[in-house]
Amino acid sequence: MQEFKSPVEAADALASTYEELKKEIGKVIVGQDEVIEGLLIALFCKGHSLLVGVPGLAKTLLISTISEVLDLKFSRIQFTPDLMPSDIVGTEILEIDEETNRKHFKFIRGPIFANIVLADEINRTPPKTQAALLEAMQEKRVTIAGEGHKLEEPFFVLATQNPIEQEGTYPLPEAQLDRFMFNLRVDYPSIEEEIEIVRRTTANERQTLKTILNRQQIKYFQDLVREVPVTDNVISYAVNLVNRTRINTPYASAEIKELISWGAGPRASQYLILGAKALGLLRGKYSPDIQEVNDVAYNVLRHRIVASFTAEAEGITPDDIIRKVIEG
């Protein structure tokens with residue numbers, strides 16, 4: 001790995017690497033710039049992400065492409081109603097040693113033992129199985145028969161949800177949603193982007209991707225994000241922004257109190273600052289300002305505020321509420 005003479009040199013290297021990453025990912029993925037940016041920010045912050053979008057928007061292809069350009073092991077778990085926790089974390093099987101004829105248990109690792117884990121349609125599996133994944137996300141380890149097994153870093157979970165089909169689903173409780181750093185909204189492509197998508201996917205060609213970062217470099221940049229200095233006024237702004245979503249505090253306006261039934265917790269403040277640090281680095285800044293906090297606020301707060309019946313009845317979305325919170 002390249003040795004950097006100073007944190008400033010490392011920050012410059014990350015900004016230029018980000019441009020290389022976007023260019024390489026763009027060989028396969030058309031558009032979705034904001035989603036790609038959000039995924040990379042979360043990765044450099046050691047955070048997990050929830051992707052919400054209708055089927056057919058290349059979410060799986062995007063994630064597998066990112067794993068390829070980052071030289072990370074990728075696994076995909078299709079969540080179904082009959083999926084068991086052991087199908088995710090692994091299980092122990094009884095083996096017999098052919099030489100000694102002695103019996104012993106052998107642990108067979110599940111698909112969660114990867115660097116990037118795609119939990120496809122996480123809301124289609126029962127809470128018990130959801131909890132097994134979410135525990136591993138939090139602890140970075142799994143426990144089988146009383147024995148702990150550490151997950152290899154970097155470890156990054158990306159879960160997808162279909163926003164239009166809710167029959168037969170098990171929505172994630174707010175406490176479990178809070179474990180995801182970002183909630184990324186995957187929208188339809190523009191007409192021009194869709195034309196390019198059709199052109200590429202109906203031709204007989206396969207793009208060869210090159211590795212931009214390896215695991216050691218990713219872990220180095222993850223540590224670098226934590227070292228980025230932040231001024232007190234930016235931290236205060238982020239904390240005040242989160243407090244403006246809490247209806248039981250004097251910081252929330254009368255309008256916001258009508259639109260929110262439950263606000264964001266302290267983890268939102270932490271992720272606002274962490275996300276702003278990473279975004280600032282990707283933009284070539286050595287310290288983030290209020291603009292970076294505002295730019296990551298939608299992804300951080302979207303799944304951490306619960307809209308009131310009034311807001312739902314009037315068709316006001318969480319993004320609309322966040323916009324009002326930012327505008328003060």
# chains A, B, ... in the order shown; residues from 1 in each chain; ligands from 1
>>> select_by_dssp(residues="range 165-265 of chain A", states="strand (DSSP E)", output="JSON, numbers by chain")
{"A": [182, 183, 184, 185, 260, 261, 262]}
>>> residues_around(residues="Pro85 in chain A", least_positions_apart="3", cutoff="9 Å", atoms="only C-alpha atoms", output="PDB file with C-alpha atoms, in the first residue's frame")
ATOM      1  CA  ILE A  88     -27.556 -16.574   7.129  1.00  0.00           C
ATOM      2  CA  VAL A  89     -24.937 -17.076   9.818  1.00  0.00           C
ATOM      3  CA  GLY A  90     -24.165 -20.765   9.266  1.00  0.00           C
ATOM      4  CA  LYS A 128     -36.260 -13.773  14.132  1.00  0.00           C
ATOM      5  CA  THR A 129     -34.213 -14.042  10.937  1.00  0.00           C
ATOM      6  CA  GLN A 130     -34.006 -10.262  10.535  1.00  0.00           C
ATOM      7  CA  ALA A 131     -32.629 -10.053  14.069  1.00  0.00           C
ATOM      8  CA  ALA A 132     -29.858 -12.558  13.278  1.00  0.00           C
ATOM      9  CA  LEU A 133     -28.597 -10.311  10.484  1.00  0.00           C
TER      10      LEU A 133
END
>>> residues_around(residues="range 301-315 of chain A", least_positions_apart="2", cutoff="6 Å", atoms="only C-alpha atoms", output="PyMOL selection string")
chain A and resi 259-264+297-299+318
>>> closest_atom_pairs(of="range 55-158 of chain A", to="range 14-25 of chain A", cutoff="12 Å", atoms="only C-alpha atoms", output="JSON lines")
{"residue": "A:Leu61", "atom": "CA", "partner": "A:Ile25", "partner_atom": "CA", "distance": 10.3}
{"residue": "A:Leu62", "atom": "CA", "partner": "A:Ile25", "partner_atom": "CA", "distance": 8.0}
{"residue": "A:Ile63", "atom": "CA", "partner": "A:Ile25", "partner_atom": "CA", "distance": 9.9}
{"residue": "A:Ser64", "atom": "CA", "partner": "A:Ile25", "partner_atom": "CA", "distance": 10.2}
{"residue": "A:Thr65", "atom": "CA", "partner": "A:Ile25", "partner_atom": "CA", "distance": 6.5}
{"residue": "A:Ile66", "atom": "CA", "partner": "A:Ile25", "partner_atom": "CA", "distance": 6.7}
{"residue": "A:Ser67", "atom": "CA", "partner": "A:Ile25", "partner_atom": "CA", "distance": 10.1}
{"residue": "A:Glu68", "atom": "CA", "partner": "A:Ile25", "partner_atom": "CA", "distance": 9.2}
{"residue": "A:Val69", "atom": "CA", "partner": "A:Leu21", "partner_atom": "CA", "distance": 7.3}
{"residue": "A:Leu70", "atom": "CA", "partner": "A:Leu21", "partner_atom": "CA", "distance": 8.6}
>>> write_last_selection(atoms="N, CA and C atoms", output="mmCIF file, in the first residue's frame")
data_model
loop_
_atom_site.group_PDB
_atom_site.id
_atom_site.type_symbol
_atom_site.label_atom_id
_atom_site.label_comp_id
_atom_site.auth_asym_id
_atom_site.auth_seq_id
_atom_site.Cartn_x
_atom_site.Cartn_y
_atom_site.Cartn_z
ATOM 1 N N LEU A 61 -26.923 -5.399 -9.320
ATOM 2 C CA LEU A 61 -25.796 -5.170 -10.230
ATOM 3 C C LEU A 61 -24.889 -4.066 -9.716
ATOM 4 N N LEU A 62 -25.487 -3.013 -9.175
ATOM 5 C CA LEU A 62 -24.698 -1.906 -8.626
ATOM 6 C C LEU A 62 -23.809 -2.385 -7.483
ATOM 7 N N ILE A 63 -24.397 -3.152 -6.572
ATOM 8 C CA ILE A 63 -23.650 -3.599 -5.399
ATOM 9 C C ILE A 63 -22.544 -4.578 -5.786
ATOM 10 N N SER A 64 -22.846 -5.504 -6.693
ATOM 11 C CA SER A 64 -21.817 -6.449 -7.129
ATOM 12 C C SER A 64 -20.699 -5.730 -7.883
ATOM 13 N N THR A 65 -21.046 -4.678 -8.624
ATOM 14 C CA THR A 65 -20.032 -3.895 -9.341
ATOM 15 C C THR A 65 -19.112 -3.179 -8.367
ATOM 16 N N ILE A 66 -19.679 -2.593 -7.327
ATOM 17 C CA ILE A 66 -18.871 -1.914 -6.310
ATOM 18 C C ILE A 66 -17.930 -2.905 -5.632
ATOM 19 N N SER A 67 -18.434 -4.099 -5.325
ATOM 20 C CA SER A 67 -17.578 -5.104 -4.678
ATOM 21 C C SER A 67 -16.428 -5.505 -5.590
ATOM 22 N N GLU A 68 -16.671 -5.501 -6.898
ATOM 23 C CA GLU A 68 -15.631 -5.900 -7.845
ATOM 24 C C GLU A 68 -14.531 -4.844 -7.943
ATOM 25 N N VAL A 69 -14.910 -3.574 -8.010
ATOM 26 C CA VAL A 69 -13.885 -2.531 -8.143
ATOM 27 C C VAL A 69 -13.152 -2.295 -6.822
ATOM 28 N N LEU A 70 -13.708 -2.809 -5.727
ATOM 29 C CA LEU A 70 -13.057 -2.673 -4.418
ATOM 30 C C LEU A 70 -12.403 -3.974 -3.962
#
>>> closest_atom_pairs(of="range 106-167 of chain A", to="range 48-57 of chain A", cutoff="10 Å", atoms="only C-alpha atoms", output="JSON lines")
{"residue": "A:Ile116", "atom": "CA", "partner": "A:His48", "partner_atom": "CA", "distance": 9.7}
{"residue": "A:Val117", "atom": "CA", "partner": "A:His48", "partner_atom": "CA", "distance": 9.8}
{"residue": "A:Leu118", "atom": "CA", "partner": "A:Leu50", "partner_atom": "CA", "distance": 9.9}
{"residue": "A:Ala119", "atom": "CA", "partner": "A:Leu50", "partner_atom": "CA", "distance": 9.2}
{"residue": "A:Asp120", "atom": "CA", "partner": "A:Leu51", "partner_atom": "CA", "distance": 9.5}
{"residue": "A:Glu121", "atom": "CA", "partner": "A:Val52", "partner_atom": "CA", "distance": 9.3}
{"residue": "A:Ile122", "atom": "CA", "partner": "A:Leu50", "partner_atom": "CA", "distance": 9.3}
{"residue": "A:Met137", "atom": "CA", "partner": "A:His48", "partner_atom": "CA", "distance": 7.7}
{"residue": "A:Gln138", "atom": "CA", "partner": "A:His48", "partner_atom": "CA", "distance": 9.6}
{"residue": "A:Phe155", "atom": "CA", "partner": "A:His48", "partner_atom": "CA", "distance": 8.7}
{"residue": "A:Phe156", "atom": "CA", "partner": "A:His48", "partner_atom": "CA", "distance": 5.6}
{"residue": "A:Val157", "atom": "CA", "partner": "A:His48", "partner_atom": "CA", "distance": 5.1}
{"residue": "A:Leu158", "atom": "CA", "partner": "A:Ser49", "partner_atom": "CA", "distance": 5.0}
{"residue": "A:Ala159", "atom": "CA", "partner": "A:Leu50", "partner_atom": "CA", "distance": 4.8}
{"residue": "A:Thr160", "atom": "CA", "partner": "A:Leu51", "partner_atom": "CA", "distance": 4.7}
{"residue": "A:Gln161", "atom": "CA", "partner": "A:Val52", "partner_atom": "CA", "distance": 4.9}
{"residue": "A:Asn162", "atom": "CA", "partner": "A:Val54", "partner_atom": "CA", "distance": 5.2}
{"residue": "A:Pro163", "atom": "CA", "partner": "A:Gly53", "partner_atom": "CA", "distance": 6.2}
{"residue": "A:Ile164", "atom": "CA", "partner": "A:Val54", "partner_atom": "CA", "distance": 7.0}
{"residue": "A:Glu165", "atom": "CA", "partner": "A:Val54", "partner_atom": "CA", "distance": 8.8}
>>> write_last_selection(atoms="C-alpha atoms", output="short mmCIF file (atom, residue, chain, number, x, y, z; two decimals), in the first residue's frame")
data_model
loop_
_atom_site.label_atom_id
_atom_site.label_comp_id
_atom_site.auth_asym_id
_atom_site.auth_seq_id
_atom_site.Cartn_x
_atom_site.Cartn_y
_atom_site.Cartn_z
CA ILE A 116 -20.35 -6.96 1.19
CA VAL A 117 -23.59 -8.73 2.01
CA LEU A 118 -26.70 -7.96 -0.02
CA ALA A 119 -29.83 -8.71 2.02
CA ASP A 120 -32.38 -8.70 -0.79
CA GLU A 121 -35.92 -7.76 0.31
CA ILE A 122 -35.11 -7.92 4.01
CA MET A 137 -24.28 -5.89 11.72
CA GLN A 138 -23.96 -4.41 15.19
CA PHE A 155 -17.99 -5.67 6.64
CA PHE A 156 -20.81 -3.87 4.89
CA VAL A 157 -24.50 -4.88 4.78
CA LEU A 158 -26.78 -3.52 2.09
CA ALA A 159 -30.44 -4.36 2.52
CA THR A 160 -33.12 -3.72 -0.09
CA GLN A 161 -36.85 -3.11 0.30
CA ASN A 162 -39.61 -2.89 -2.27
CA PRO A 163 -41.72 0.19 -1.36
CA ILE A 164 -44.82 -0.74 -3.38
CA GLU A 165 -45.50 -4.36 -2.42
#
>>> residues_around(residues="range 224-235 of chain A", least_positions_apart="4", cutoff="10 Å", atoms="only C-alpha atoms", output="ChimeraX atom specification")
/A:7-8,10-11,14,41,44-46,218-220,239-241,269-270,272-281,285-293
>>> atom_distance(atom1="CA of Gln207 in chain A", atom2="CA of Ser190 in chain A")
22.3 Å
>>> atom_distance(atom1="CA of Arg124 in chain A", atom2="CA of Gln78 in chain A")
9.1 Å
>>> atom_distance(atom1="CA of Pro266 in chain A", atom2="CA of Leu43 in chain A")
20.4 Å
>>> select_by_dssp(residues="range 136-179 of chain A", states="alpha helix (DSSP H)", output="PDB file with C-alpha atoms, in the first residue's frame")
ATOM      1  CA  ALA A 136     -24.181  -9.432  13.161  1.00  0.00           C
ATOM      2  CA  MET A 137     -24.277  -5.892  11.724  1.00  0.00           C
ATOM      3  CA  GLN A 138     -23.963  -4.411  15.194  1.00  0.00           C
ATOM      4  CA  GLU A 139     -21.485  -6.825  16.767  1.00  0.00           C
ATOM      5  CA  GLU A 174     -37.725   1.647  14.047  1.00  0.00           C
ATOM      6  CA  ALA A 175     -35.118   0.398  16.534  1.00  0.00           C
ATOM      7  CA  GLN A 176     -33.711  -1.966  13.905  1.00  0.00           C
ATOM      8  CA  LEU A 177     -33.936   0.584  11.104  1.00  0.00           C
TER       9      LEU A 177
END
